[in-house]
file data30.txt (compact mmCIF, C-alpha atoms)
# COMPACT_ATOMS: atom_id res chain seq x y z
CA MET A 806 68.86 -131.06 -41.52
CA SER A 807 69.33 -134.10 -43.75
CA GLN A 808 65.94 -135.80 -44.16
CA ILE A 809 65.92 -139.57 -44.40
CA GLN A 810 64.43 -140.73 -47.70
CA TRP A 811 62.21 -143.47 -46.26
CA LEU A 812 60.50 -145.85 -48.66
CA SER A 813 57.25 -147.59 -47.67
CA ASP A 814 57.46 -150.31 -50.31
CA TYR A 815 59.50 -153.26 -48.99
CA ASP A 816 59.83 -155.09 -52.33
CA GLY A 817 60.75 -151.90 -54.15
CA GLY A 818 63.28 -151.10 -51.48
CA LEU A 819 64.80 -154.56 -51.71
CA GLN A 820 65.18 -154.23 -55.48
CA ARG A 821 66.79 -150.85 -55.11
CA ALA A 822 69.15 -152.20 -52.45
CA LYS A 823 70.22 -154.97 -54.84
CA GLN A 824 70.81 -152.47 -57.65
CA GLU A 825 72.73 -150.04 -55.46
CA LYS A 826 74.60 -152.85 -53.67
CA LYS A 827 73.57 -151.44 -50.31
CA PRO A 828 71.98 -153.09 -47.30
CA LEU A 829 68.29 -152.60 -46.73
CA LEU A 830 67.48 -150.86 -43.45
CA LEU A 831 64.07 -152.15 -42.42
CA ASP A 832 62.53 -150.14 -39.62
CA PHE A 833 59.34 -151.39 -37.99
CA PHE A 834 57.42 -148.70 -36.15
CA LYS A 835 54.19 -148.49 -34.22
CA ASN A 836 51.78 -145.63 -34.58
CA GLY A 837 50.45 -144.11 -31.40
CA MET B 689 64.93 -137.82 -31.21
CA THR B 690 67.19 -140.18 -33.11
CA TYR B 691 66.15 -139.96 -36.77
CA PRO B 692 66.27 -136.18 -37.15
CA ASP B 693 69.88 -136.30 -35.95
CA ILE B 694 72.04 -135.20 -38.86
CA GLN B 695 74.78 -137.81 -38.29
CA VAL B 696 72.22 -140.62 -38.20
CA SER B 697 70.31 -139.37 -41.23
CA GLU B 698 73.50 -138.97 -43.27
CA ILE B 699 74.62 -142.51 -42.44
CA ILE B 700 71.23 -143.90 -43.43
CA ASN B 701 71.00 -141.88 -46.65
CA ASN B 702 74.60 -142.65 -47.68
CA TYR B 703 74.90 -146.32 -46.79
CA PHE B 704 71.42 -147.88 -46.73
CA VAL B 705 68.19 -148.13 -48.63
CA PRO B 706 65.74 -147.25 -45.84
CA VAL B 707 62.27 -148.76 -45.64
CA GLN B 708 59.75 -148.07 -42.89
CA VAL B 709 56.85 -150.41 -42.18
CA ASP B 710 54.01 -150.04 -39.68
CA ILE B 711 54.36 -153.19 -37.55
CA GLU B 712 50.59 -153.63 -37.31
CA LYS B 713 49.82 -153.07 -40.98
CA GLY B 714 52.80 -155.09 -42.19
CA ASP B 715 52.20 -158.03 -39.88
CA LYS B 716 53.32 -160.73 -42.34
CA LEU B 717 56.60 -158.91 -42.86
CA ALA B 718 56.91 -158.40 -39.12
CA ASP B 719 56.39 -162.14 -38.61
CA ARG B 720 59.07 -162.93 -41.18
CA TYR B 721 61.55 -160.72 -39.36
CA GLN B 722 60.31 -161.75 -35.92
CA ALA B 723 59.52 -158.14 -35.11
CA LEU B 724 57.44 -158.20 -31.93
CA TRP B 725 58.47 -154.88 -30.39
CA THR B 726 59.37 -151.44 -31.60
CA PRO B 727 61.63 -149.63 -32.28
CA ASN B 728 62.93 -152.53 -34.34
CA VAL B 729 65.61 -152.00 -36.98
CA ASN B 730 66.87 -154.73 -39.29
CA VAL B 731 69.79 -154.75 -41.69
CA VAL B 732 68.90 -157.04 -44.58
CA ASN B 733 71.20 -158.34 -47.29
CA HIS B 734 70.48 -159.02 -50.96
CA ARG B 735 69.33 -162.55 -50.25
CA GLU B 736 66.71 -161.11 -47.91
CA LYS B 737 68.60 -162.48 -44.94
CA PRO B 738 68.50 -160.34 -41.80
CA VAL B 739 72.14 -159.86 -40.86
CA TYR B 740 71.57 -157.57 -37.90
CA GLN B 741 68.68 -156.57 -35.67
CA ALA B 742 68.47 -153.82 -33.05
CA ILE B 743 65.47 -153.62 -30.76
CA GLY B 744 64.70 -150.68 -28.52
CA TRP B 745 65.47 -147.01 -28.53
CA LEU B 746 69.03 -145.71 -28.85
CA PRO B 747 70.33 -142.15 -28.57
CA PRO B 748 71.82 -140.75 -31.79
CA SER B 749 75.48 -141.51 -31.06
CA GLU B 750 74.74 -145.15 -30.17
CA PHE B 751 72.37 -145.49 -33.10
CA ALA B 752 75.11 -144.24 -35.43
CA ALA B 753 77.55 -146.82 -34.05
CA MET B 754 74.91 -149.54 -34.37
CA LEU B 755 74.25 -148.64 -38.02
CA HIS B 756 77.94 -149.06 -38.85
CA VAL B 757 78.05 -152.39 -37.01
CA GLY B 758 75.05 -153.43 -39.11
CA ARG B 759 76.98 -152.41 -42.24
CA GLY B 760 79.91 -154.49 -41.10
CA HIS B 761 77.68 -157.54 -40.70
CA PHE B 762 76.22 -156.89 -44.15
CA PHE B 763 79.70 -157.07 -45.68
CA LEU B 764 80.54 -160.18 -43.65
CA SER B 765 77.42 -161.82 -45.10
CA ARG B 766 78.66 -160.96 -48.58
CA LYS B 767 82.09 -162.43 -47.74
CA LYS B 768 83.74 -159.03 -48.21
CA PHE B 769 85.79 -159.63 -45.10
CA SER B 770 88.39 -156.88 -45.43
CA GLU B 771 85.71 -154.28 -46.02
CA ALA B 772 83.78 -155.56 -43.01
CA ALA B 773 86.87 -155.45 -40.80
CA SER B 774 87.59 -151.87 -41.84
CA ILE B 775 84.08 -150.80 -40.94
CA PHE B 776 84.27 -152.52 -37.56
CA ASP B 777 87.64 -150.85 -36.90
CA GLU B 778 86.09 -147.50 -37.77
CA VAL B 779 83.36 -148.07 -35.17
CA ALA B 780 85.93 -148.81 -32.48
CA ASP B 781 88.00 -145.76 -33.47
CA LYS B 782 85.17 -143.24 -33.87
CA PHE B 783 82.87 -144.51 -31.11
CA PRO B 784 85.27 -145.81 -28.40
CA ARG B 785 82.75 -145.21 -25.62
CA SER B 786 79.88 -146.85 -27.46
CA VAL B 787 78.34 -150.07 -26.17
CA TYR B 788 78.94 -151.32 -29.73
CA ALA B 789 82.72 -150.81 -29.66
CA PRO B 790 83.49 -154.22 -28.08
CA GLN B 791 81.33 -156.06 -30.60
CA ALA B 792 83.01 -154.10 -33.39
CA LEU B 793 86.48 -155.19 -32.23
CA TYR B 794 85.32 -158.79 -31.90
CA PHE B 795 84.06 -158.91 -35.47
CA SER B 796 87.01 -156.93 -36.78
CA GLY B 797 89.13 -159.84 -35.64
CA VAL B 798 86.69 -162.29 -37.19
CA GLY B 799 86.70 -160.43 -40.52
CA ARG B 800 90.49 -160.29 -40.67
CA TYR B 801 90.77 -163.98 -39.83
CA LEU B 802 88.19 -164.96 -42.45
CA GLN B 803 90.16 -162.94 -45.02
CA SER B 804 93.62 -164.24 -44.13
CA HIS B 805 92.98 -167.54 -42.34
CA GLN B 806 95.83 -166.50 -40.06
CA ALA B 807 95.10 -167.10 -36.38
CA ASP B 808 97.38 -164.18 -35.49
CA ASP B 809 94.95 -161.76 -37.13
CA LEU B 810 92.17 -163.02 -34.90
CA LYS B 811 94.32 -163.00 -31.76
CA GLN B 812 95.64 -159.52 -32.45
CA GLY B 813 92.16 -158.07 -32.77
CA TRP B 814 90.87 -159.89 -29.76
CA THR B 815 93.86 -158.90 -27.63
CA ARG B 816 92.96 -155.27 -28.27
CA LEU B 817 89.35 -156.04 -27.34
CA GLN B 818 90.37 -157.74 -24.09
CA HIS B 819 92.68 -154.87 -23.23
CA LEU B 820 90.20 -152.05 -23.90
CA TYR B 821 86.92 -153.65 -22.82
CA PRO B 822 87.85 -156.50 -20.44
CA ALA B 823 84.46 -156.76 -18.75
CA SER B 824 82.46 -156.71 -21.96
CA GLU B 825 80.42 -159.65 -23.16
CA TRP B 826 82.55 -159.76 -26.32
CA ALA B 827 85.84 -159.86 -24.44
CA ILE B 828 84.47 -162.79 -22.44
CA LYS B 829 83.49 -164.55 -25.68
CA SER B 830 86.97 -163.90 -27.09
CA ARG B 831 88.69 -165.70 -24.22
CA VAL B 832 88.23 -168.98 -26.02
CA PHE B 833 91.98 -168.88 -26.65
call {"tool": "encode", "arguments": {"input": "data30.txt", "output": "C-alpha cells"}}
result
Amino acid sequence: MSQIQWLSDYDGGLQRAKQEKKPLLLDFFKNG
Amino acid sequence: MTYPDIQVSEIINNYFVPVQVDIEKGDKLADRYQALWTPNVNVVNHREKPVYQAIGWLPPSEFAAMLHVGRGHFFLSRKKFSEAASIFDEVADKFPRSVYAPQALYFSGVGRYLQSHQADDLKQGWTRLQHLYPASEWAIKSRVF
C-alpha cells in the first residue's frame, strides 16, 4: 500500500509546492 | 475508504503536495478557503488561488478522476493550456463512466481553444462531449454554439 505523505504545515506545503511546481492538495478534515 | 486506495495514494504522492488540516483547529485557513463541510479537498496553485474544490465523499475511482480534473485546472491557471487539455483528455479516456468525464471533455475543449485560438478546436471537443454525455450539465453548457 502506498501511504500518502501528508504534511500538516500549510505554509511549508505551499513552499514545497512552489519548488516542485506541483499543485497543493489541501484537505480539510473533521475529527470525530 | 478512499485514501488508502493505492490508485488514489499514488496520484496524490506523484502529482500533488498534500496537506491535511483539521477544519476546527485551522479555522482561519478554513475561512479563507470557504471550507464549511468535510470532506473538503482543494487544489491550490502557486499564487495561493484555489483552482478546484471538491466537497463530500467520493469512492476511490471517482476521487481519482476528480484529482486529475483538479490537476487540469491547475495547469489552466498556469496558462499551460496544452498540458491541461491532455490531462482532461486522459480523464475522459481512462474514466469514461466517471461523473467527471463530461467536465473533463468540456475543459479539454477550452484548453485547446485557449492554446490555439481556433474555434474549431473548441467545437471539436464539445461535439464529442455532446455525443457521449448529451444529458450532462457540461453538454448543456456547451450548447452555446
call {"tool": "residues_around", "arguments": {"input": "data30.txt", "residues": "Glu825 of chain A", "least_positions_apart": "6", "cutoff": "12 Å", "atoms": "all atoms listed in the file", "output": "MDAnalysis selection string"}}
result
(chainID A and resid 818:819) or (chainID B and resid 702:705 733:734)
call {"tool": "atom_distance", "arguments": {"input": "data30.txt", "atom1": "atom CA of Val729 of chain B", "atom2": "atom CA of Glu778 of chain B"}}
result
21.0 Å
call {"tool": "interface_residues", "arguments": {"input": "data30.txt", "of": "chain B", "to": "chain A", "cutoff": "9 Å", "atoms": "only C-alpha atoms", "output": "mmCIF file with C-alpha atoms, in the frame of the given file"}}
result
data_model
loop_
_atom_site.group_PDB
_atom_site.id
_atom_site.type_symbol
_atom_site.label_atom_id
_atom_site.label_comp_id
_atom_site.auth_asym_id
_atom_site.auth_seq_id
_atom_site.Cartn_x
_atom_site.Cartn_y
_atom_site.Cartn_z
ATOM 1 C CA TYR B 691 66.150 -139.960 -36.770
ATOM 2 C CA PRO B 692 66.270 -136.180 -37.150
ATOM 3 C CA ASP B 693 69.880 -136.300 -35.950
ATOM 4 C CA ILE B 694 72.040 -135.200 -38.860
ATOM 5 C CA GLN B 695 74.780 -137.810 -38.290
ATOM 6 C CA VAL B 696 72.220 -140.620 -38.200
ATOM 7 C CA SER B 697 70.310 -139.370 -41.230
ATOM 8 C CA GLU B 698 73.500 -138.970 -43.270
ATOM 9 C CA ILE B 700 71.230 -143.900 -43.430
ATOM 10 C CA ASN B 701 71.000 -141.880 -46.650
ATOM 11 C CA TYR B 703 74.900 -146.320 -46.790
ATOM 12 C CA PHE B 704 71.420 -147.880 -46.730
ATOM 13 C CA VAL B 705 68.190 -148.130 -48.630
ATOM 14 C CA PRO B 706 65.740 -147.250 -45.840
ATOM 15 C CA VAL B 707 62.270 -148.760 -45.640
ATOM 16 C CA GLN B 708 59.750 -148.070 -42.890
ATOM 17 C CA VAL B 709 56.850 -150.410 -42.180
ATOM 18 C CA ASP B 710 54.010 -150.040 -39.680
ATOM 19 C CA ILE B 711 54.360 -153.190 -37.550
ATOM 20 C CA GLU B 712 50.590 -153.630 -37.310
ATOM 21 C CA GLY B 714 52.800 -155.090 -42.190
ATOM 22 C CA LEU B 717 56.600 -158.910 -42.860
ATOM 23 C CA ALA B 718 56.910 -158.400 -39.120
ATOM 24 C CA ALA B 723 59.520 -158.140 -35.110
ATOM 25 C CA TRP B 725 58.470 -154.880 -30.390
ATOM 26 C CA THR B 726 59.370 -151.440 -31.600
ATOM 27 C CA PRO B 727 61.630 -149.630 -32.280
ATOM 28 C CA ASN B 728 62.930 -152.530 -34.340
ATOM 29 C CA VAL B 729 65.610 -152.000 -36.980
ATOM 30 C CA ASN B 730 66.870 -154.730 -39.290
ATOM 31 C CA VAL B 731 69.790 -154.750 -41.690
ATOM 32 C CA VAL B 732 68.900 -157.040 -44.580
ATOM 33 C CA ASN B 733 71.200 -158.340 -47.290
ATOM 34 C CA HIS B 734 70.480 -159.020 -50.960
ATOM 35 C CA ARG B 735 69.330 -162.550 -50.250
ATOM 36 C CA GLU B 736 66.710 -161.110 -47.910
ATOM 37 C CA LEU B 755 74.250 -148.640 -38.020
ATOM 38 C CA GLY B 758 75.050 -153.430 -39.110
ATOM 39 C CA ARG B 759 76.980 -152.410 -42.240
ATOM 40 C CA PHE B 762 76.220 -156.890 -44.150
ATOM 41 C CA PHE B 763 79.700 -157.070 -45.680
#
call {"tool": "closest_residue", "arguments": {"input": "data30.txt", "among": "B:His761, B:Arg816, B:Arg720, B:His805", "to": "Ala773 of chain B", "atoms": "all atoms listed in the file"}}
result
B:His761
call {"tool": "residues_around", "arguments": {"input": "data30.txt", "residues": "Phe795 of chain B", "least_positions_apart": "4", "cutoff": "10 Å", "atoms": "all atoms listed in the file", "output": "ChimeraX atom specification"}}
result
/B:757,760-761,764,769,772-773,775-777,790-791,799-801,810,813-814,826
call {"tool": "atom_distance", "arguments": {"input": "data30.txt", "atom1": "atom CA of Lys782 of chain B", "atom2": "atom CA of Tyr794 of chain B"}}
result
15.7 Å
call {"tool": "atom_distance", "arguments": {"input": "data30.txt", "atom1": "atom CA of Ser774 of chain B", "atom2": "atom CA of Gln741 of chain B"}}
result
20.4 Å
call {"tool": "closest_residue", "arguments": {"input": "data30.txt", "among": "B:Leu802, B:Val787, B:Ile828, B:Val779", "to": "Leu746 of chain B", "atoms": "all atoms listed in the file"}}
result
B:Val787
